[in-house]
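Peer 1: I'd like to ask some things about the structure below.
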Amino acid sequence: MLSIKNLHASVEGKEILKGINLEIKAGEVHAIMGPNGSGKSTLSQVLAGNEAFEVTEGEVTLNGENLLDLETEERAREGIFLAFQYPVEIPGVSNLQFLRTAVNAMRTHRGEEEMNAAEFMKLAKEVSKQVDLDPSFLKRGVNEGFSGGEKKRNEIMQALLLQPKLAILDETDSGLDIDALKVVSDGVNALRSEDRAILMVTHYQRLLNHIVPDYVHVLAGGKIIKSGGRELALELEEKGYGWLGIKDEETADSAAN
Amino acid sequence: MATTDKEVNELIKREYEHGFVTEIEADTFEPGLNEDVIARLSAIKKEPEWMLEWRLKAYRRWLEMEEPDWAHVGYPKIDYNSISYYSAPKRKEDMPQSLDEVDPELLKTYEKLGIPLHEREKLAGVAVDAVFDSVSVATTFKEPLAKAGVIFCSISEAVRDYPELVQKYLGTVVPHGDNFFAGLNSAVFSDGTFVYVPKGVRCPMELSTYFRINAANTGQFERTLIIADEGSYVSYLEGCTAPMRDENQLHAAVVELVALDDAQIKYSTVQNWYPGDENGKGGIYNFVTKRGACIGKNSKISWTQVETGSAVTWKYPSCVLRGENSVGEFYSVALTHNYQQADTGTKMIHLGKNTRSTIISKGISAGKSSNAYRGLVKFGPGAEGARNFTQCDSLLIGDRCGAHTFPYIESKNKSAIVEHEATTSKVSDEQMFLCRQRGIDPEQAVSMIVNGFCKEVFKELPMEFAVEAGKLLEVSLEGSVG
């Protein structure tokens, strides 16, 4: 489904990704782990088409189509979804209006009819329950005054509504207490299907206890330095990033997190 | 980052959809202003002697006044002798007695603008006074309103038919010497709307005036006077458009509102005068004095404005809160684009006890435009227990526009309370990225974000207008991201 070959990307002239190679097939769940500053979030942003990052080399295809030629919104309509690490607020725009606009943009792209307000309200209420968000959140401004956990659940709700081909989850576990982590993980597990791939980006392995990946990759210095199965994550937890010869200042202070 | 700014700047190319010209034979004065011109104007309108005297007094006062230069706007000096002070469509008879006698070209013009004037197609529940250049061409729903005792007619008719009311109130809220543009208007005002709602009457429908400037090189100087007698209520809407022309045109209106005991006036404006082209050529100079006097106890005046048009806007709809417990409100969305300049805001003058006012101002700047909020909150010595709440928010689109806030507070009463909040934000790259990542077009994203920003004001508009206003912002922002 997704094929990344020798991907190099930089921000403000500084190279962050230095030759990423990765193949993801439909139905698979991949986890990208790595210390802070390794380029994990950059990879998610580049795949989603954030124009703050410049791709300097390499290619990315989604089902054979060159992804890098597409605008951000076109990639989204082709099925790329990014759950943000820090979802931004849009004051005054109701969650419901925002989500319906997004769902209808996708439907229009697929040549389907737009959903009217009543139909969409019904669907959105069902999905909000799936991530344990009170339907009153639908009427509030997008992420406006949401707690960290509510923002993350809101992101997963969007993935469930938009039904992407490839869902990229950027540090979706950060800032979640154990109950919220469970809700979010259940939401992500509900996304798992034969024709959908999931790419999780995370610093800690604890998320992987809830969402069990098929493959784990370790990203350091802008390159994937090791790939393996589920056991790689457990080994990392036990031995720390230092085991792979990677410096990680964060792990030491925030291991208790 | 720079990428979004570039997109946003590219988006700022819009089409003005009301820019057409109506080909119609008109009686237009030669440019120039002197006492003879005013006398001719007054004669054409068959005005009584007192009205002419009133105008001449204003004119003489105006000659001694200076054009204000304190606003945060710049424009070339206006030559007041190069403007024509009267232009009206030619009529076969003196006044059309019914809509059937109104020139079909004119009816077509209003239809094109979405304001059908024919009885059968009239806007449901909204009575319209249509002002074309210097004259009122039609007023709808006159009869049902008359049944309720509401007077809704052009100011010219009111001067002839209801002289006592006009004489009693005209110039009491905005006197001759108030400011340069108000003085000019008092001398040469051509038409506008007059509303009187009698005691205890809730006006059965929305009243509205649609102002259209058509003729070239003319100024439009309308004068509106609305009186809400004790315990009455009226909601009034105004809309404005003009053809696209390379020359700037002057629009200097005066609006006076008077609310007696327990009366309420809600005044909403959607101003979409031609803003000039993308290089800043042409457009309307909108120099307007709007003021309401809450002279009665428990009275309330509420201004809601959505300002998207005009090359230069200079406008401060205000409330003088004289009556005890009276309330003034100002809700404003002002959007500037390309080279548009706006200096707008309000004055809340608290004179009576326990008077309250609320100011919510939302300024949106895009392109190379400049958008200033200027507001005065003043408490007189008698304003015991008075309160004001002010919130001024600015939203910037792109990185070449400017937003400025000039709040003034003067208090002569220690018990008065003022709260002031102000924010400035940008349509951020992160917000744009979130929207686009969810498959939403950049244009739609900007318009959604801007509409969200304006929500507090839009909810004050009558329903039909709120929808219009939302659409208008969308059109106005067209081309502001790419």
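Letters A, B, ... mark the chains of the structure tokens in the order given; residue numbers begin at 1 per chain; ligand numbers begin at 1, in order shown.
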Just the residues within 7 Å of Lys266 in chain B, please, counting only C-alpha atoms, with nothing from its chain fewer than 4 positions along; format it as a ChimeraX atom specification.
Peer 2: /B:234-236,301-303
Peer 1: Could you write out the selected residues, including N, CA and C atoms, as a compact mmCIF listing (two decimals), in the first residue's frame?
Peer 2:
```
# COMPACT_ATOMS: atom_id res chain seq x y z
N VAL B 234 -38.48 47.67 17.10
CA VAL B 234 -38.31 47.58 15.65
C VAL B 234 -36.93 47.02 15.32
N SER B 235 -36.91 46.17 14.30
CA SER B 235 -35.64 45.65 13.79
C SER B 235 -35.47 46.13 12.36
N TYR B 236 -34.33 46.73 12.09
CA TYR B 236 -34.13 47.40 10.82
C TYR B 236 -32.82 46.90 10.20
N ILE B 301 -30.63 50.09 22.43
CA ILE B 301 -30.26 50.21 21.02
C ILE B 301 -29.12 49.25 20.75
N SER B 302 -29.30 48.47 19.70
CA SER B 302 -28.30 47.46 19.39
C SER B 302 -27.85 47.61 17.94
N TRP B 303 -26.57 47.82 17.73
CA TRP B 303 -26.02 47.93 16.37
C TRP B 303 -25.31 46.63 16.03
```
Peer 1: Excluding Lys151 in chain A and residues on its chain fewer than 5 positions from it, collect all residues at most 8 Å away from it, counting only C-alpha atoms, and give them as a list in words.
Peer 2: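 So the residues in contact are Pro87, Asn143 and Phe146 of chain A.
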Peer 1: Keeping N, CA and C atoms for every residue in the selection just given, could you write it to a file as a CSV table (one decimal), in the first residue's frame?
Peer 2:
```csv
chain,number,residue,atom,x,y,z
A,87,PRO,N,-3.2,18.5,18.6
A,87,PRO,CA,-4.3,19.0,17.8
A,87,PRO,C,-4.5,20.5,18.1
A,143,ASN,N,-11.6,21.3,19.2
A,143,ASN,CA,-10.6,21.2,20.2
A,143,ASN,C,-10.5,22.4,21.2
A,146,PHE,N,-10.6,21.7,25.0
A,146,PHE,CA,-10.5,20.2,25.3
A,146,PHE,C,-9.3,20.0,26.1
```
Peer 1: Which residue, A:Pro213, A:Gly245, A:Gly111, A:Gly49, has the smallest gap to chain B when you use only C-alpha atoms?
Peer 2: A:Gly49
Peer 1: For range 184-199 of chain B, find every residue with an atom within 6 Å (counting only C-alpha atoms), except residues of its own chain fewer than 6 positions away, and show them as a PyMOL selection string.
Peer 2: chain B and resi 55+58-59+134-135+150-155+221-232
Peer 1: When you look at Met115 in chain A with a cut-off of 9 Å (counting only C-alpha atoms), what residues show up, excluding the ones that are within fewer than 4 positions of it in the same chain? I need them as a list of chain:residue names.
Peer 2: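 Neighbouring residues, sequence-local ones excluded: A:Arg100, A:Val103, A:Asn104, A:Arg107, A:Glu119, A:Phe120.
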Peer 1: What are the residues of chain B that have an atom within 6 Å of an atom of chain A, counting only C-alpha atoms, as a ChimeraX atom specification?
Peer 2: /B:436-440,452-453
Peer 1: Name the residues of range 117-224 of chain A that fall into strand (DSSP E or B) according to DSSP on the backbone, using the chain letters and numbers of this document, as a PyMOL selection string.
Peer 2: chain A and resi 141-142+166-170+193+196-202+215-220+223-224
Peer 1: Using N, CA, C and O atoms, can you export the residues from the last selection as an mmCIF file, in the first residue's frame?
Peer 2:
```
data_model
loop_
_atom_site.group_PDB
_atom_site.id
_atom_site.type_symbol
_atom_site.label_atom_id
_atom_site.label_comp_id
_atom_site.auth_asym_id
_atom_site.auth_seq_id
_atom_site.Cartn_x
_atom_site.Cartn_y
_atom_site.Cartn_z
ATOM 1 N N GLY A 141 -16.394 24.171 19.928
ATOM 2 C CA GLY A 141 -15.420 24.531 18.901
ATOM 3 C C GLY A 141 -14.378 23.429 18.765
ATOM 4 O O GLY A 141 -14.092 22.720 19.735
ATOM 5 N N VAL A 142 -13.824 23.274 17.572
ATOM 6 C CA VAL A 142 -12.843 22.226 17.310
ATOM 7 C C VAL A 142 -11.697 22.313 18.328
ATOM 8 O O VAL A 142 -10.973 23.308 18.367
ATOM 9 N N LEU A 166 -4.763 4.691 5.164
ATOM 10 C CA LEU A 166 -3.583 4.650 6.020
ATOM 11 C C LEU A 166 -3.764 5.663 7.139
ATOM 12 O O LEU A 166 -3.872 6.862 6.894
ATOM 13 N N ALA A 167 -3.817 5.158 8.375
ATOM 14 C CA ALA A 167 -3.928 6.063 9.516
ATOM 15 C C ALA A 167 -2.564 6.197 10.168
ATOM 16 O O ALA A 167 -1.949 5.187 10.537
ATOM 17 N N ILE A 168 -2.093 7.433 10.263
ATOM 18 C CA ILE A 168 -0.805 7.682 10.917
ATOM 19 C C ILE A 168 -1.113 8.277 12.284
ATOM 20 O O ILE A 168 -1.799 9.301 12.379
ATOM 21 N N LEU A 169 -0.636 7.660 13.336
ATOM 22 C CA LEU A 169 -0.923 8.136 14.685
ATOM 23 C C LEU A 169 0.364 8.691 15.275
ATOM 24 O O LEU A 169 1.292 7.942 15.561
ATOM 25 N N ASP A 170 0.400 10.016 15.438
ATOM 26 C CA ASP A 170 1.628 10.648 15.912
ATOM 27 C C ASP A 170 1.574 10.823 17.429
ATOM 28 O O ASP A 170 0.861 11.697 17.928
ATOM 29 N N SER A 193 -8.230 -3.268 10.005
ATOM 30 C CA SER A 193 -8.993 -4.093 9.061
ATOM 31 C C SER A 193 -8.072 -4.551 7.942
ATOM 32 O O SER A 193 -6.962 -4.042 7.772
ATOM 33 N N ARG A 196 -6.850 -1.789 5.536
ATOM 34 C CA ARG A 196 -6.354 -0.530 6.091
ATOM 35 C C ARG A 196 -5.021 -0.777 6.780
ATOM 36 O O ARG A 196 -4.826 -1.815 7.413
ATOM 37 N N ALA A 197 -4.114 0.166 6.641
ATOM 38 C CA ALA A 197 -2.837 0.052 7.341
ATOM 39 C C ALA A 197 -2.758 1.129 8.414
ATOM 40 O O ALA A 197 -3.368 2.182 8.293
ATOM 41 N N ILE A 198 -1.998 0.826 9.474
ATOM 42 C CA ILE A 198 -1.842 1.788 10.557
ATOM 43 C C ILE A 198 -0.354 1.969 10.833
ATOM 44 O O ILE A 198 0.392 0.979 10.919
ATOM 45 N N LEU A 199 0.051 3.239 10.917
ATOM 46 C CA LEU A 199 1.438 3.547 11.242
ATOM 47 C C LEU A 199 1.432 4.346 12.538
ATOM 48 O O LEU A 199 0.914 5.458 12.585
ATOM 49 N N MET A 200 1.987 3.739 13.586
ATOM 50 C CA MET A 200 1.997 4.411 14.887
ATOM 51 C C MET A 200 3.376 4.958 15.153
ATOM 52 O O MET A 200 4.366 4.240 15.011
ATOM 53 N N VAL A 201 3.440 6.184 15.596
ATOM 54 C CA VAL A 201 4.713 6.782 15.964
ATOM 55 C C VAL A 201 4.683 6.966 17.474
ATOM 56 O O VAL A 201 3.741 7.559 18.003
ATOM 57 N N THR A 202 5.648 6.403 18.169
ATOM 58 C CA THR A 202 5.603 6.528 19.618
ATOM 59 C C THR A 202 6.998 6.478 20.235
ATOM 60 O O THR A 202 7.923 5.878 19.693
ATOM 61 N N TYR A 215 4.871 -5.019 13.009
ATOM 62 C CA TYR A 215 6.288 -4.693 12.804
ATOM 63 C C TYR A 215 6.672 -3.501 13.666
ATOM 64 O O TYR A 215 5.868 -2.613 13.891
ATOM 65 N N VAL A 216 7.914 -3.516 14.131
ATOM 66 C CA VAL A 216 8.439 -2.387 14.906
ATOM 67 C C VAL A 216 9.723 -1.912 14.224
ATOM 68 O O VAL A 216 10.555 -2.731 13.819
ATOM 69 N N HIS A 217 9.839 -0.582 14.058
ATOM 70 C CA HIS A 217 11.053 -0.027 13.459
ATOM 71 C C HIS A 217 11.638 0.991 14.418
ATOM 72 O O HIS A 217 10.891 1.749 15.048
ATOM 73 N N VAL A 218 12.934 1.025 14.493
ATOM 74 C CA VAL A 218 13.581 2.020 15.346
ATOM 75 C C VAL A 218 14.200 3.090 14.447
ATOM 76 O O VAL A 218 14.983 2.790 13.540
ATOM 77 N N LEU A 219 13.764 4.329 14.722
ATOM 78 C CA LEU A 219 14.261 5.452 13.932
ATOM 79 C C LEU A 219 15.259 6.232 14.778
ATOM 80 O O LEU A 219 14.983 6.549 15.937
ATOM 81 N N ALA A 220 16.418 6.487 14.199
ATOM 82 C CA ALA A 220 17.403 7.306 14.910
ATOM 83 C C ALA A 220 18.212 8.077 13.894
ATOM 84 O O ALA A 220 18.568 7.543 12.835
ATOM 85 N N LYS A 223 17.142 7.897 10.194
ATOM 86 C CA LYS A 223 17.162 6.634 9.439
ATOM 87 C C LYS A 223 16.565 5.519 10.276
ATOM 88 O O LYS A 223 16.640 5.556 11.513
ATOM 89 N N ILE A 224 16.001 4.528 9.605
ATOM 90 C CA ILE A 224 15.555 3.338 10.342
ATOM 91 C C ILE A 224 16.786 2.461 10.565
ATOM 92 O O ILE A 224 17.414 1.988 9.611
#
```
Peer 1: Using only C-alpha atoms, which residues sit within 10 Å of range 364-373 of chain B once same-chain residues fewer than 6 positions away are excluded, as a ChimeraX atom specification?
Peer 2: /B:8-13,71-73,278-280,308,311-314,316,332-346,392-407,424-427,450,453-454,476-477,480
Peer 1: Please indicate the distance in Å from CA of Ile246 in chain A to CA of Asn36 in chain A, rounded to one decimal place.
Peer 2: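 Taking CA of Ile246 in chain A and CA of Asn36 in chain A, their separation equals 10.7 Å.
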Peer 1: So that I can check the surroundings of Gln305 in chain B, please list as a ChimeraX atom specification every protein, DNA and RNA residue that reaches within 12 Å of it, counting only C-alpha atoms and ignoring chain neighbours fewer than 3 positions away.
Peer 2: /B:236-240,266-272,290,302,308-309,315-318,329-335,344-346,359-363,454,457-462,465-466,469
Peer 1: Would you output that residue set with C-alpha atoms, as a compact mmCIF listing (two decimals), in the first residue's frame?
Peer 2:
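Below is the file that was written, again33.txt:
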```txt
# COMPACT_ATOMS: atom_id res chain seq x y z
CA TYR B 236 -34.13 47.40 10.82
CA LEU B 237 -31.65 46.12 8.23
CA GLU B 238 -29.66 47.93 5.61
CA GLY B 239 -27.69 46.67 2.65
CA CYS B 240 -25.50 48.55 0.21
CA LYS B 266 -32.12 46.70 16.57
CA TYR B 267 -30.16 48.06 13.61
CA SER B 268 -28.24 45.68 11.37
CA THR B 269 -26.02 46.56 8.44
CA VAL B 270 -24.44 44.46 5.77
CA GLN B 271 -22.21 46.89 3.95
CA ASN B 272 -20.81 45.69 0.66
CA LYS B 290 -24.50 56.59 12.97
CA SER B 302 -28.30 47.46 19.39
CA THR B 308 -16.91 43.93 3.91
CA GLY B 309 -16.97 46.64 1.25
CA LYS B 315 -17.73 54.67 10.81
CA TYR B 316 -18.58 54.52 14.52
CA PRO B 317 -22.16 53.51 15.26
CA SER B 318 -22.66 54.82 18.77
CA GLU B 329 -24.79 47.14 22.14
CA PHE B 330 -22.34 47.07 19.28
CA TYR B 331 -21.51 43.89 17.41
CA SER B 332 -19.18 44.31 14.49
CA VAL B 333 -17.39 42.28 11.87
CA ALA B 334 -15.13 44.34 9.65
CA LEU B 335 -13.23 42.59 6.89
CA THR B 344 -14.36 51.61 12.63
CA GLY B 345 -15.69 51.06 16.11
CA THR B 346 -18.16 52.66 18.43
CA ILE B 359 -18.97 45.95 22.50
CA ILE B 360 -17.91 42.92 20.50
CA SER B 361 -15.66 43.79 17.60
CA LYS B 362 -14.12 41.31 15.18
CA GLY B 363 -11.66 42.70 12.68
CA CYS B 454 -17.19 35.93 13.70
CA VAL B 457 -21.50 38.65 15.96
CA PHE B 458 -23.35 36.61 13.33
CA LYS B 459 -25.64 35.18 15.94
CA GLU B 460 -26.90 38.74 16.57
CA LEU B 461 -28.03 39.15 12.96
CA PRO B 462 -31.56 38.30 11.83
CA PHE B 465 -28.95 38.18 7.13
CA ALA B 466 -26.70 35.82 9.05
CA ALA B 469 -23.23 37.58 5.86
```
Peer 1: Have a look at A:Ser227, A:Lys40, A:Glu126, A:Ser3 and name the one nearest to Ala26 in chain A; count only C-alpha atoms.
Peer 2: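 Result for the nearest residue to Ala26 in chain A: A:Ser3.
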Peer 1: Hey, what does DSSP flag as helix (DSSP H, G or I) within range 28-151 of chain A? Can you give it to me as a short mmCIF file (atom, residue, chain, number, x, y, z; two decimals) with N, CA, C and O atoms, in the first residue's frame?
Peer 2:
```cif
data_model
loop_
_atom_site.label_atom_id
_atom_site.label_comp_id
_atom_site.auth_asym_id
_atom_site.auth_seq_id
_atom_site.Cartn_x
_atom_site.Cartn_y
_atom_site.Cartn_z
N LYS A 40 10.75 11.09 13.98
CA LYS A 40 9.47 10.35 13.93
C LYS A 40 8.32 11.24 13.49
O LYS A 40 7.57 10.90 12.59
N SER A 41 8.21 12.40 14.18
CA SER A 41 7.08 13.28 13.85
C SER A 41 7.26 13.88 12.46
O SER A 41 6.28 14.06 11.73
N THR A 42 8.50 14.17 12.10
CA THR A 42 8.77 14.71 10.76
C THR A 42 8.26 13.74 9.70
O THR A 42 7.63 14.15 8.72
N LEU A 43 8.51 12.45 9.92
CA LEU A 43 8.06 11.45 8.94
C LEU A 43 6.53 11.53 8.78
O LEU A 43 6.01 11.54 7.66
N SER A 44 5.79 11.61 9.92
CA SER A 44 4.33 11.69 9.82
C SER A 44 3.90 12.94 9.07
O SER A 44 3.00 12.91 8.24
N GLN A 45 4.54 14.06 9.41
CA GLN A 45 4.16 15.33 8.79
C GLN A 45 4.46 15.34 7.29
O GLN A 45 3.66 15.84 6.50
N VAL A 46 5.58 14.76 6.93
CA VAL A 46 5.96 14.72 5.50
C VAL A 46 4.98 13.85 4.72
O VAL A 46 4.53 14.21 3.63
N LEU A 47 4.59 12.73 5.31
CA LEU A 47 3.65 11.85 4.61
C LEU A 47 2.31 12.55 4.41
O LEU A 47 1.66 12.42 3.39
N ALA A 48 1.90 13.34 5.42
CA ALA A 48 0.60 14.02 5.34
C ALA A 48 0.67 15.27 4.46
O ALA A 48 -0.37 15.82 4.10
N LEU A 67 2.72 9.99 -4.17
CA LEU A 67 2.08 10.79 -3.13
C LEU A 67 2.64 12.21 -3.07
O LEU A 67 1.93 13.17 -2.79
N LEU A 68 3.93 12.33 -3.37
CA LEU A 68 4.61 13.62 -3.18
C LEU A 68 4.12 14.68 -4.17
O LEU A 68 4.33 15.86 -3.96
N ASP A 69 3.47 14.23 -5.25
CA ASP A 69 2.92 15.19 -6.22
C ASP A 69 1.58 15.77 -5.77
O ASP A 69 1.08 16.70 -6.39
N THR A 72 -1.81 18.51 0.11
CA THR A 72 -2.23 17.94 1.40
C THR A 72 -3.65 17.39 1.37
O THR A 72 -3.90 16.26 1.78
N GLU A 73 -4.59 18.23 0.86
CA GLU A 73 -5.99 17.81 0.90
C GLU A 73 -6.25 16.65 -0.06
O GLU A 73 -7.11 15.81 0.18
N GLU A 74 -5.46 16.60 -1.16
CA GLU A 74 -5.63 15.48 -2.10
C GLU A 74 -5.15 14.17 -1.47
O GLU A 74 -5.76 13.12 -1.65
N ARG A 75 -4.05 14.26 -0.72
CA ARG A 75 -3.57 13.06 -0.03
C ARG A 75 -4.62 12.57 0.96
O ARG A 75 -4.86 11.37 1.07
N ALA A 76 -5.23 13.52 1.67
CA ALA A 76 -6.26 13.15 2.64
C ALA A 76 -7.40 12.43 1.94
O ALA A 76 -7.89 11.41 2.42
N ARG A 77 -7.78 12.96 0.77
CA ARG A 77 -8.91 12.36 0.06
C ARG A 77 -8.54 10.99 -0.51
O ARG A 77 -9.41 10.15 -0.72
N ASN A 95 -17.20 21.41 16.19
CA ASN A 95 -16.64 20.12 15.82
C ASN A 95 -17.51 19.45 14.75
O ASN A 95 -17.02 18.89 13.79
N LEU A 96 -18.82 19.58 14.96
CA LEU A 96 -19.77 18.94 14.06
C LEU A 96 -19.65 19.49 12.64
O LEU A 96 -19.59 18.76 11.67
N GLN A 97 -19.58 20.82 12.57
CA GLN A 97 -19.48 21.46 11.26
C GLN A 97 -18.16 21.08 10.58
O GLN A 97 -18.12 20.77 9.40
N PHE A 98 -17.11 21.10 11.37
CA PHE A 98 -15.79 20.76 10.86
C PHE A 98 -15.78 19.32 10.32
O PHE A 98 -15.33 19.06 9.20
N LEU A 99 -16.31 18.40 11.12
CA LEU A 99 -16.28 17.00 10.73
C LEU A 99 -17.16 16.73 9.51
O LEU A 99 -16.80 15.97 8.63
N ARG A 100 -18.31 17.40 9.47
CA ARG A 100 -19.20 17.17 8.34
C ARG A 100 -18.57 17.72 7.06
O ARG A 100 -18.67 17.11 5.99
N THR A 101 -17.91 18.88 7.19
CA THR A 101 -17.23 19.44 6.02
C THR A 101 -16.17 18.46 5.52
O THR A 101 -16.04 18.22 4.31
N ALA A 102 -15.43 17.86 6.46
CA ALA A 102 -14.37 16.93 6.09
C ALA A 102 -14.97 15.67 5.45
O ALA A 102 -14.55 15.24 4.36
N VAL A 103 -15.97 15.11 6.10
CA VAL A 103 -16.58 13.87 5.57
C VAL A 103 -17.17 14.14 4.18
O VAL A 103 -16.99 13.34 3.26
N ASN A 104 -17.81 15.29 4.02
CA ASN A 104 -18.41 15.58 2.72
C ASN A 104 -17.36 15.87 1.64
O ASN A 104 -17.58 15.57 0.47
N ALA A 105 -16.23 16.43 2.04
CA ALA A 105 -15.15 16.63 1.07
C ALA A 105 -14.69 15.27 0.53
O ALA A 105 -14.46 15.10 -0.68
N MET A 106 -14.57 14.30 1.43
CA MET A 106 -14.16 12.95 1.02
C MET A 106 -15.23 12.31 0.13
O MET A 106 -14.94 11.68 -0.87
N ARG A 107 -16.48 12.46 0.54
CA ARG A 107 -17.58 11.83 -0.21
C ARG A 107 -17.67 12.43 -1.61
O ARG A 107 -17.85 11.71 -2.59
N THR A 108 -17.55 13.76 -1.70
CA THR A 108 -17.60 14.42 -3.00
C THR A 108 -16.48 13.87 -3.89
O THR A 108 -16.69 13.58 -5.07
N HIS A 109 -15.31 13.71 -3.29
CA HIS A 109 -14.16 13.20 -4.03
C HIS A 109 -14.44 11.79 -4.57
O HIS A 109 -14.01 11.44 -5.67
N ALA A 117 -27.24 17.40 7.36
CA ALA A 117 -26.90 17.64 8.77
C ALA A 117 -27.49 16.58 9.69
O ALA A 117 -26.82 16.11 10.62
N ALA A 118 -28.73 16.16 9.42
CA ALA A 118 -29.38 15.20 10.31
C ALA A 118 -28.71 13.83 10.24
O ALA A 118 -28.42 13.21 11.27
N GLU A 119 -28.45 13.37 9.01
CA GLU A 119 -27.77 12.07 8.83
C GLU A 119 -26.42 12.08 9.53
O GLU A 119 -26.04 11.13 10.22
N PHE A 120 -25.72 13.19 9.32
CA PHE A 120 -24.37 13.24 9.87
C PHE A 120 -24.39 13.28 11.39
O PHE A 120 -23.58 12.62 12.05
N MET A 121 -25.33 13.99 11.94
CA MET A 121 -25.47 14.10 13.40
C MET A 121 -25.61 12.71 14.00
O MET A 121 -24.98 12.39 15.01
N LYS A 122 -26.43 11.90 13.35
CA LYS A 122 -26.69 10.55 13.86
C LYS A 122 -25.39 9.74 13.86
O LYS A 122 -25.02 9.12 14.86
N LEU A 123 -24.71 9.77 12.73
CA LEU A 123 -23.45 9.03 12.60
C LEU A 123 -22.42 9.52 13.63
O LEU A 123 -21.79 8.72 14.33
N ALA A 124 -22.30 10.84 13.74
CA ALA A 124 -21.28 11.41 14.61
C ALA A 124 -21.55 11.04 16.08
O ALA A 124 -20.62 10.77 16.84
N LYS A 125 -22.81 11.02 16.45
CA LYS A 125 -23.16 10.66 17.84
C LYS A 125 -22.73 9.23 18.15
O LYS A 125 -22.18 8.95 19.21
N GLU A 126 -22.98 8.33 17.18
CA GLU A 126 -22.58 6.94 17.39
C GLU A 126 -21.08 6.84 17.57
O GLU A 126 -20.58 6.17 18.49
N VAL A 127 -20.35 7.49 16.66
CA VAL A 127 -18.89 7.37 16.69
C VAL A 127 -18.31 8.02 17.94
O VAL A 127 -17.34 7.52 18.52
N SER A 128 -18.93 9.12 18.39
CA SER A 128 -18.39 9.78 19.58
C SER A 128 -18.49 8.86 20.80
O SER A 128 -17.62 8.86 21.66
N LYS A 129 -19.53 8.05 20.83
CA LYS A 129 -19.67 7.09 21.94
C LYS A 129 -18.56 6.06 21.92
O LYS A 129 -18.08 5.61 22.96
N GLN A 130 -18.14 5.70 20.70
CA GLN A 130 -17.09 4.70 20.55
C GLN A 130 -15.79 5.13 21.23
O GLN A 130 -15.02 4.31 21.68
N PRO A 135 -21.61 13.39 23.41
CA PRO A 135 -22.01 14.07 22.16
C PRO A 135 -21.99 15.60 22.27
O PRO A 135 -21.95 16.28 21.25
N SER A 136 -22.00 16.14 23.49
CA SER A 136 -21.94 17.60 23.61
C SER A 136 -20.63 18.16 23.04
O SER A 136 -20.55 19.33 22.67
N PHE A 137 -19.62 17.32 22.94
CA PHE A 137 -18.34 17.75 22.35
C PHE A 137 -18.51 18.12 20.88
O PHE A 137 -17.75 18.90 20.33
N LEU A 138 -19.52 17.54 20.25
CA LEU A 138 -19.73 17.81 18.83
C LEU A 138 -20.11 19.27 18.61
O LEU A 138 -19.85 19.84 17.56
N LYS A 139 -20.74 19.87 19.62
CA LYS A 139 -21.21 21.25 19.46
C LYS A 139 -20.15 22.26 19.84
O LYS A 139 -20.28 23.44 19.56
N GLY A 148 -6.07 17.45 27.13
CA GLY A 148 -5.17 16.70 26.26
C GLY A 148 -5.80 15.38 25.82
O GLY A 148 -5.78 15.03 24.64
N GLY A 149 -6.38 14.67 26.78
CA GLY A 149 -6.98 13.37 26.48
C GLY A 149 -8.18 13.50 25.56
O GLY A 149 -8.37 12.68 24.65
N GLU A 150 -8.99 14.54 25.78
CA GLU A 150 -10.16 14.75 24.92
C GLU A 150 -9.74 15.05 23.49
O GLU A 150 -10.37 14.61 22.53
N LYS A 151 -8.65 15.81 23.36
CA LYS A 151 -8.15 16.11 22.01
C LYS A 151 -7.75 14.82 21.30
O LYS A 151 -8.04 14.64 20.11
#
```
Peer 1: Just how far from CA of Leu250 in chain B is CA of Ile284 in chain B, in Å to one decimal?
Peer 2: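 According to the coordinates, CA of Ile284 in chain B and CA of Leu250 in chain B are separated by 5.9 Å.
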